$ cat entry_19.pdb   # PDB, C-alpha atoms
ATOM      1  CA  PHE A 446     143.510 165.754 101.782
ATOM      2  CA  PHE A 447     140.032 166.042 100.299
ATOM      3  CA  SER A 448     137.689 163.405  98.914
ATOM      4  CA  PRO A 449     133.980 163.580  98.129
ATOM      5  CA  PRO A 450     131.434 161.752 100.297
ATOM      6  CA  LEU A 451     131.047 158.074  99.530
ATOM      7  CA  VAL A 452     127.804 156.502  98.351
ATOM      8  CA  VAL A 453     127.188 153.025  99.744
ATOM      9  CA  PHE A 454     124.634 150.729  98.060
ATOM     10  CA  LEU A 455     122.515 148.551 100.337
ATOM     11  CA  GLY A 456     120.308 146.338  98.168
ATOM     12  CA  GLU A 457     118.733 148.646  95.584
ATOM     13  CA  THR A 458     118.570 151.704  97.826
ATOM     14  CA  PRO A 459     121.578 154.012  97.642
ATOM     15  CA  ARG A 460     122.545 155.532 100.975
ATOM     16  CA  ARG A 461     124.902 158.453 101.262
ATOM     17  CA  SER A 462     127.671 157.621 103.747
ATOM     18  CA  VAL A 463     129.665 160.708 104.633
ATOM     19  CA  ILE A 464     133.279 160.165 105.601
ATOM     20  CA  MET A 465     134.943 163.197 107.158
ATOM     21  CA  PHE A 466     138.489 164.133 106.218
ATOM     22  CA  GLY A 467     140.971 166.330 108.009
ATOM     23  CA  GLN A 468     144.467 166.920 109.314
ATOM     24  CA  LEU A 469     145.850 167.291 112.810
ATOM     25  CA  VAL A 470     148.558 169.939 112.939
ATOM     26  CA  THR A 471     151.116 169.191 115.669
ATOM     27  CA  GLY A 472     154.584 170.364 116.596
ATOM     28  CA  PRO A 473     156.442 172.181 119.370
ATOM     29  CA  PRO A 474     155.799 175.848 120.196
ATOM     30  CA  GLY A 475     157.147 178.204 117.549
ATOM     31  CA  ALA A 476     157.090 175.636 114.740
ATOM     32  CA  GLY A 477     154.470 177.665 112.838
ATOM     33  CA  LYS A 478     151.351 175.567 113.419
ATOM     34  CA  THR A 479     148.856 178.432 113.440
ATOM     35  CA  THR A 480     150.462 180.093 110.407
ATOM     36  CA  TYR A 481     150.343 176.738 108.633
ATOM     37  CA  CYS A 482     146.645 176.275 109.455
ATOM     38  CA  VAL A 483     145.740 179.678 108.040
ATOM     39  CA  GLY A 484     147.875 179.158 104.935
ATOM     40  CA  MET A 485     146.572 175.651 104.219
ATOM     41  CA  LYS A 486     142.976 176.841 104.636
ATOM     42  CA  HIS A 487     143.638 179.586 102.108
ATOM     43  CA  TYR A 488     145.211 177.053  99.712
ATOM     44  CA  PHE A 489     142.181 174.758  99.834
ATOM     45  CA  GLU A 490     139.702 177.613  99.513
ATOM     46  CA  LEU A 491     141.417 178.793  96.335
ATOM     47  CA  GLN A 492     140.548 175.361  94.947
ATOM     48  CA  GLY A 493     136.895 175.796  95.891
ATOM     49  CA  ARG A 494     136.925 173.613  98.987
ATOM     50  CA  ARG A 495     135.178 174.539 102.200
ATOM     51  CA  VAL A 496     137.465 174.339 105.213
ATOM     52  CA  ALA A 497     136.746 174.602 108.947
ATOM     53  CA  LEU A 498     139.576 175.534 111.304
ATOM     54  CA  ILE A 499     139.188 173.834 114.687
ATOM     55  CA  ASN A 500     141.167 175.311 117.577
ATOM     56  CA  LEU A 501     142.080 172.384 119.842
ATOM     57  CA  ASP A 502     144.622 174.386 121.842
ATOM     58  CA  PRO A 503     143.067 175.456 125.168
ATOM     59  CA  ALA A 504     145.868 178.001 125.662
ATOM     60  CA  ASN A 505     145.327 179.664 122.284
ATOM     61  CA  ASP A 506     142.438 181.955 123.157
ATOM     62  CA  THR A 507     143.587 184.707 120.773
ATOM     63  CA  ALA A 508     143.955 182.690 117.569
ATOM     64  CA  PRO A 509     144.426 184.975 114.527
ATOM     65  CA  TYR A 510     141.615 183.257 112.631
ATOM     66  CA  ASP A 511     137.902 182.659 112.981
ATOM     67  CA  ALA A 512     137.668 179.172 114.459
ATOM     68  CA  ALA A 513     134.572 177.179 113.575
ATOM     69  CA  VAL A 514     135.007 175.428 116.928
ATOM     70  CA  SER A 515     137.305 176.572 119.728
ATOM     71  CA  PHE A 516     138.479 174.633 122.772
ATOM     72  CA  ASP A 517     137.938 177.618 125.081
ATOM     73  CA  GLU A 518     134.197 177.329 124.495
ATOM     74  CA  LEU A 519     134.431 174.227 126.688
ATOM     75  CA  ILE A 520     137.281 175.067 129.074
ATOM     76  CA  SER A 521     140.404 177.205 129.070
ATOM     77  CA  VAL A 522     143.871 177.001 130.598
ATOM     78  CA  ASP A 523     143.393 180.289 132.462
ATOM     79  CA  GLU A 524     140.210 179.005 134.115
ATOM     80  CA  VAL A 525     141.918 175.805 135.250
ATOM     81  CA  MET A 526     144.993 177.632 136.548
ATOM     82  CA  GLU A 527     142.817 179.978 138.576
ATOM     83  CA  GLU A 528     140.481 177.322 139.973
ATOM     84  CA  PHE A 529     142.974 174.573 140.777
ATOM     85  CA  GLY A 530     146.209 176.509 141.249
ATOM     86  CA  LEU A 531     147.990 174.573 138.501
ATOM     87  CA  GLY A 532     150.844 175.828 136.367
ATOM     88  CA  PRO A 533     150.395 176.253 132.599
ATOM     89  CA  ASN A 534     151.652 172.756 131.728
ATOM     90  CA  GLY A 535     149.505 171.000 134.318
ATOM     91  CA  ALA A 536     146.500 173.081 133.316
ATOM     92  CA  MET A 537     147.025 172.158 129.658
ATOM     93  CA  VAL A 538     147.040 168.434 130.482
ATOM     94  CA  TYR A 539     143.938 168.866 132.653
ATOM     95  CA  CYS A 540     142.079 170.584 129.796
ATOM     96  CA  VAL A 541     142.870 167.838 127.303
ATOM     97  CA  GLU A 542     141.881 165.160 129.811
ATOM     98  CA  TYR A 543     138.632 167.071 130.369
ATOM     99  CA  LEU A 544     137.980 167.083 126.619
ATOM    100  CA  GLU A 545     138.619 163.336 126.495
ATOM    101  CA  LYS A 546     135.849 162.834 129.064
ATOM    102  CA  ASN A 547     133.504 165.227 127.219
ATOM    103  CA  LEU A 548     134.015 164.218 123.602
ATOM    104  CA  ASP A 549     130.270 164.370 122.961
ATOM    105  CA  TRP A 550     130.666 168.152 123.108
ATOM    106  CA  LEU A 551     133.206 168.103 120.278
ATOM    107  CA  LEU A 552     131.169 165.643 118.215
ATOM    108  CA  GLU A 553     128.053 167.818 118.434
ATOM    109  CA  ARG A 554     130.023 170.935 117.504
ATOM    110  CA  LEU A 555     131.533 169.235 114.456
ATOM    111  CA  LYS A 556     128.362 167.552 113.198
ATOM    112  CA  PRO A 557     126.871 170.611 111.410
ATOM    113  CA  LEU A 558     130.117 170.937 109.412
ATOM    114  CA  SER A 559     130.875 167.286 108.749
ATOM    115  CA  GLU A 560     129.023 166.914 105.442
ATOM    116  CA  THR A 561     130.327 170.100 103.871
ATOM    117  CA  HIS A 562     133.742 170.945 105.286
ATOM    118  CA  TYR A 563     137.267 169.635 105.437
ATOM    119  CA  PHE A 564     138.732 169.948 108.953
ATOM    120  CA  ILE A 565     142.070 171.422 110.015
ATOM    121  CA  PHE A 566     142.731 170.894 113.734
ATOM    122  CA  ASP A 567     145.165 173.359 115.303
ATOM    123  CA  CYS A 568     146.613 171.267 118.137
ATOM    124  CA  PRO A 569     148.461 172.194 121.352
ATOM    125  CA  GLY A 570     152.211 172.653 121.246
ATOM    126  CA  GLN A 571     152.973 170.904 124.536
ATOM    127  CA  LEU A 572     155.257 168.028 123.578
ATOM    128  CA  GLU A 573     154.078 165.448 126.098
ATOM    129  CA  LEU A 574     150.513 165.641 124.788
ATOM    130  CA  PHE A 575     151.381 164.125 121.421
ATOM    131  CA  ASN A 576     154.545 162.237 122.421
ATOM    132  CA  VAL A 577     153.891 160.653 125.830
ATOM    133  CA  HIS A 578     150.496 161.293 127.436
ATOM    134  CA  GLY A 579     147.652 159.062 126.308
ATOM    135  CA  CYS A 580     144.698 161.494 126.387
ATOM    136  CA  PHE A 581     145.342 163.235 123.059
ATOM    137  CA  ARG A 582     145.987 159.918 121.338
ATOM    138  CA  ASN A 583     142.744 158.522 122.796
ATOM    139  CA  ILE A 584     140.810 161.490 121.427
ATOM    140  CA  ILE A 585     142.301 160.979 117.968
ATOM    141  CA  HIS A 586     141.602 157.248 117.978
ATOM    142  CA  THR A 587     137.976 157.857 118.984
ATOM    143  CA  MET A 588     137.591 160.285 116.102
ATOM    144  CA  MET A 589     139.111 157.817 113.642
ATOM    145  CA  ASN A 590     137.714 154.499 114.883
ATOM    146  CA  GLU A 591     134.298 155.467 116.260
ATOM    147  CA  TRP A 592     133.421 158.646 114.369
ATOM    148  CA  HIS A 593     135.099 157.337 111.183
ATOM    149  CA  TYR A 594     137.091 160.479 110.497
ATOM    150  CA  ARG A 595     139.989 159.980 108.134
ATOM    151  CA  LEU A 596     142.761 162.027 109.689
ATOM    152  CA  CYS A 597     146.397 162.643 108.881
ATOM    153  CA  THR A 598     148.875 164.185 111.298
ATOM    154  CA  VAL A 599     151.018 167.001 109.906
ATOM    155  CA  HIS A 600     153.934 167.437 112.292
ATOM    156  CA  LEU A 601     155.934 170.653 111.950
ATOM    157  CA  SER A 602     159.575 171.170 112.904
ATOM    158  CA  ASP A 603     161.188 174.597 112.545
ATOM    159  CA  SER A 604     163.852 174.383 109.833
ATOM    160  CA  HIS A 605     166.221 176.657 111.777
ATOM    161  CA  LEU A 606     166.963 173.603 113.951
ATOM    162  CA  CYS A 607     169.001 172.279 111.017
ATOM    163  CA  CYS A 608     171.562 174.998 111.721
ATOM    164  CA  ASP A 609     172.402 173.291 115.027
ATOM    165  CA  PRO A 610     173.127 169.558 114.514
ATOM    166  CA  GLY A 611     172.282 168.702 118.119
ATOM    167  CA  LYS A 612     168.903 170.411 117.913
ATOM    168  CA  TYR A 613     168.267 168.714 114.564
ATOM    169  CA  VAL A 614     168.784 165.281 116.148
ATOM    170  CA  SER A 615     166.360 166.308 118.901
ATOM    171  CA  ALA A 616     163.794 167.304 116.269
ATOM    172  CA  LEU A 617     164.191 163.900 114.616
ATOM    173  CA  LEU A 618     163.559 162.140 117.928
ATOM    174  CA  VAL A 619     160.493 164.246 118.707
ATOM    175  CA  THR A 620     159.092 163.584 115.233
ATOM    176  CA  LEU A 621     159.740 159.843 115.453
ATOM    177  CA  GLN A 622     158.188 159.601 118.907
ATOM    178  CA  SER A 623     155.115 161.469 117.682
ATOM    179  CA  MET A 624     154.696 159.052 114.782
ATOM    180  CA  LEU A 625     154.977 156.006 117.024
ATOM    181  CA  HIS A 626     152.755 157.405 119.764
ATOM    182  CA  LEU A 627     149.831 158.792 117.761
ATOM    183  CA  GLU A 628     149.660 155.909 115.245
ATOM    184  CA  THR A 629     148.106 157.955 112.432
ATOM    185  CA  PRO A 630     149.111 158.584 108.818
ATOM    186  CA  HIS A 631     151.896 161.114 109.254
ATOM    187  CA  VAL A 632     153.513 163.899 107.246
ATOM    188  CA  SER A 633     156.722 165.367 108.671
ATOM    189  CA  VAL A 634     157.338 168.963 107.618
ATOM    190  CA  LEU A 635     160.332 171.303 107.900
ATOM    191  CA  SER A 636     158.631 174.665 108.213
ATOM    192  CA  LYS A 637     159.899 178.170 107.435
ATOM    193  CA  VAL A 638     162.553 177.048 104.923
ATOM    194  CA  ASP A 639     162.271 180.474 103.302
ATOM    195  CA  MET A 640     163.783 181.952 106.478
ATOM    196  CA  LEU A 641     166.777 179.611 106.763
ATOM    197  CA  GLU A 642     169.278 182.185 105.502
ATOM    198  CA  GLN A 643     168.587 184.311 108.578
ATOM    199  CA  TYR A 644     170.059 181.638 110.836
ATOM    200  CA  GLY A 645     173.379 181.021 109.120
ATOM    201  CA  ASP A 646     174.875 178.373 106.863
ATOM    202  CA  LEU A 647     174.003 174.703 106.991
ATOM    203  CA  ALA A 648     176.728 172.111 107.418
ATOM    204  CA  PHE A 649     175.142 170.096 104.565
ATOM    205  CA  ASN A 650     172.677 170.924 101.824
ATOM    206  CA  LEU A 651     168.960 171.016 102.648
ATOM    207  CA  ASP A 652     168.275 167.669 100.931
ATOM    208  CA  TYR A 653     170.505 165.960 103.465
ATOM    209  CA  TYR A 654     168.284 167.175 106.302
ATOM    210  CA  THR A 655     165.009 166.309 104.579
ATOM    211  CA  ASP A 656     166.064 162.826 103.446
ATOM    212  CA  VAL A 657     167.390 161.850 106.927
ATOM    213  CA  MET A 658     169.961 159.427 105.562
ATOM    214  CA  ASP A 659     173.647 158.738 106.315
ATOM    215  CA  LEU A 660     173.453 160.335 109.756
ATOM    216  CA  GLU A 661     176.998 159.153 110.499
ATOM    217  CA  TYR A 662     178.205 162.265 108.670
ATOM    218  CA  LEU A 663     176.209 164.356 111.125
ATOM    219  CA  VAL A 664     177.716 162.447 114.049
ATOM    220  CA  GLU A 665     181.226 163.201 112.800
ATOM    221  CA  HIS A 666     180.329 166.860 112.312
ATOM    222  CA  ILE A 667     178.960 167.129 115.848
ATOM    223  CA  SER A 668     181.972 165.385 117.396
ATOM    224  CA  ALA A 669     184.304 167.882 115.687
ATOM    225  CA  ASP A 670     183.016 170.433 118.196
ATOM    226  CA  PRO A 671     185.135 170.056 121.386
ATOM    227  CA  LYS A 672     182.056 170.782 123.532
ATOM    228  CA  MET A 673     180.079 168.007 121.848
ATOM    229  CA  ALA A 674     182.857 165.446 121.393
ATOM    230  CA  PRO A 675     182.189 163.731 124.768
ATOM    231  CA  TYR A 676     178.659 162.963 123.557
ATOM    232  CA  LYS A 677     179.692 161.322 120.286
ATOM    233  CA  LYS A 678     178.734 157.801 121.408
ATOM    234  CA  LEU A 679     175.341 158.969 122.672
ATOM    235  CA  THR A 680     174.665 160.927 119.481
ATOM    236  CA  ALA A 681     175.679 157.940 117.340
ATOM    237  CA  SER A 682     173.327 155.644 119.295
ATOM    238  CA  LEU A 683     170.396 158.059 118.916
ATOM    239  CA  CYS A 684     171.032 158.413 115.182
ATOM    240  CA  GLU A 685     171.199 154.631 114.858
ATOM    241  CA  VAL A 686     167.747 154.334 116.440
ATOM    242  CA  ILE A 687     166.364 156.935 114.029
ATOM    243  CA  GLU A 688     167.844 155.182 111.005
ATOM    244  CA  ASP A 689     166.764 151.719 112.193
ATOM    245  CA  PHE A 690     163.122 152.829 112.247
ATOM    246  CA  GLY A 691     163.541 154.521 108.874
ATOM    247  CA  LEU A 692     160.264 156.430 109.254
ATOM    248  CA  VAL A 693     161.253 160.088 109.330
ATOM    249  CA  ARG A 694     161.488 162.041 106.079
ATOM    250  CA  PHE A 695     160.792 165.753 105.920
ATOM    251  CA  ILE A 696     158.981 167.824 103.316
ATOM    252  CA  PRO A 697     160.320 171.391 103.182
ATOM    253  CA  LEU A 698     157.631 174.052 103.464
ATOM    254  CA  ALA A 699     157.447 177.790 102.899
ATOM    255  CA  ILE A 700     153.833 178.632 103.608
ATOM    256  CA  GLU A 701     153.745 181.403 101.002
ATOM    257  CA  ASP A 702     155.163 179.130  98.288
ATOM    258  CA  GLU A 703     152.319 177.346  96.513
ATOM    259  CA  ASP A 704     154.488 174.499  95.224
ATOM    260  CA  THR A 705     155.631 173.410  98.687
ATOM    261  CA  VAL A 706     152.129 173.799 100.140
ATOM    262  CA  SER A 707     150.719 171.722  97.286
ATOM    263  CA  ARG A 708     153.297 168.986  97.920
ATOM    264  CA  VAL A 709     152.408 168.761 101.621
ATOM    265  CA  ALA A 710     148.691 168.625 100.764
ATOM    266  CA  GLY A 711     149.308 165.930  98.149
ATOM    267  CA  VAL A 712     151.349 163.660 100.399
ATOM    268  CA  GLY A 713     148.816 164.014 103.202
ATOM    269  CA  GLY A 714     145.958 163.229 100.848
ATOM    270  CA  LYS A 715     147.553 159.943  99.843
ATOM    271  CA  GLY A 716     147.869 158.997 103.518
ATOM    272  CA  VAL A 717     144.121 159.027 104.207
ATOM    273  CA  ARG A 718     142.787 157.324 101.077
TER
END

$ encode --input "entry_19.pdb" --output "structure tokens"
Amino acid sequence: FFSPPLVVFLGETPRRSVIMFGQLVTGPPGAGKTTYCVGMKHYFELQGRRVALINLDPANDTAPYDAAVSFDELISVDEVMEEFGLGPNGAMVYCVEYLEKNLDWLLERLKPLSETHYFIFDCPGQLELFNVHGCFRNIIHTMMNEWHYRLCTVHLSDSHLCCDPGKYVSALLVTLQSMLHLETPHVSVLSKVDMLEQYGDLAFNLDYYTDVMDLEYLVEHISADPKMAPYKKLTASLCEVIEDFGLVRFIPLAIEDEDTVSRVAGVGGKGVR
């Protein structure tokens, strides 16, 4: 995830060209995004790297970390709900659209850190923002194509979803849609694997869920449940779409386990080189 600034030679005069690196942490509510951000920052700092946490969630005004830049400095969900009478979801979309129209604010706030820090962006958990709506994607593409940030998306899915085959298929679809919609280098992560035992036994071993292969076995397992049997054809069609794209593979993560954190960081680093 981290590379030194590049030096570009123009004629005989060397000019330092700084390229900013970072990761966008996405995933549904409860997937462990904020915990991941804090843990990954700690991991990088132990290696002597300077890291800036950027809170891009306008609803997260009580983040348990010191954000170098926080969305609520510009606008907050509570302010929008009060002024326009919107619900929390509508207010969230409004805030992100407002940021899209005021990106100069974000650029100016990041500039003092760009030559010295690696960025970790703690993103909103509202699914439509990174799966359907265009504003968040437009912000990311501006950062990558105009500001020349090299960014990788780290998408988290709670590993307890593996205990329910139907929810696991849903997690696969959400992850795939995020990859296709955002169009960034992408690392798919199964978070909280150290807590899996609390949720019961898995129908298959963990490698089956991380490799995302041979989903027909999962279809047969789901259809064995009388309540799910009527949906066998639908489930099989969804799994076929997932396998046809062949894009989703998960990396298991326990944020307090250095080996799994190091693997996520390594895979993400390869994606932005």

$ closest_residue --input "entry_19.pdb" --among "A:Ala616, A:Val638, A:Cys608, A:Leu651" --to "His666 in chain A" --atoms "only C-alpha atoms"
A:Cys608

$ closest_residue --input "entry_19.pdb" --among "A:Val614, A:Val664, A:Met537, A:Ala699" --to "Met640 in chain A" --atoms "all atoms listed in the file"
A:Ala699

$ atom_distance --input "entry_19.pdb" --atom1 "CA of Asp511 in chain A" --atom2 "CA of Ile565 in chain A"
12.3 Å

$ residues_near_point --input "entry_19.pdb" --point "(136.1, 171.6, 108.8)" --cutoff "9 Å" --atoms "only C-alpha atoms" --output "PyMOL selection string"
chain A and resi 465-467+495-499+513+555+558-559+561-566

$ resolve_selection --input "entry_19.pdb" --expression "the PyMOL selection byres ((chain A and resi 693) around 12)" --output "NGL selection string"
:A and (600 or 602 or 614 or 616-625 or 631-635 or 654-658 or 684 or 686-692 or 694-696)

$ resolve_selection --input "entry_19.pdb" --expression "the PyMOL selection byres ((chain A and resi 642) around 12)" --output "PyMOL selection string"
chain A and resi 604-605+607-608+637-641+643-647+651

$ closest_residue --input "entry_19.pdb" --among "A:Leu660, A:Ala476, A:Val717, A:Ala674" --to "Cys597 in chain A" --atoms "only C-alpha atoms"
A:Val717

$ closest_residue --input "entry_19.pdb" --among "A:Val470, A:Leu606, A:Val538, A:Val599" --to "Cys580 in chain A" --atoms "all atoms listed in the file"
A:Val538

$ closest_residue --input "entry_19.pdb" --among "A:Tyr662, A:Trp550, A:Phe581, A:Tyr481" --to "Lys677 in chain A" --atoms "all atoms listed in the file"
A:Tyr662

$ closest_residue --input "entry_19.pdb" --among "A:Ala710, A:Leu572, A:Ala669, A:Val522" --to "Pro473 in chain A" --atoms "all atoms listed in the file"
A:Leu572
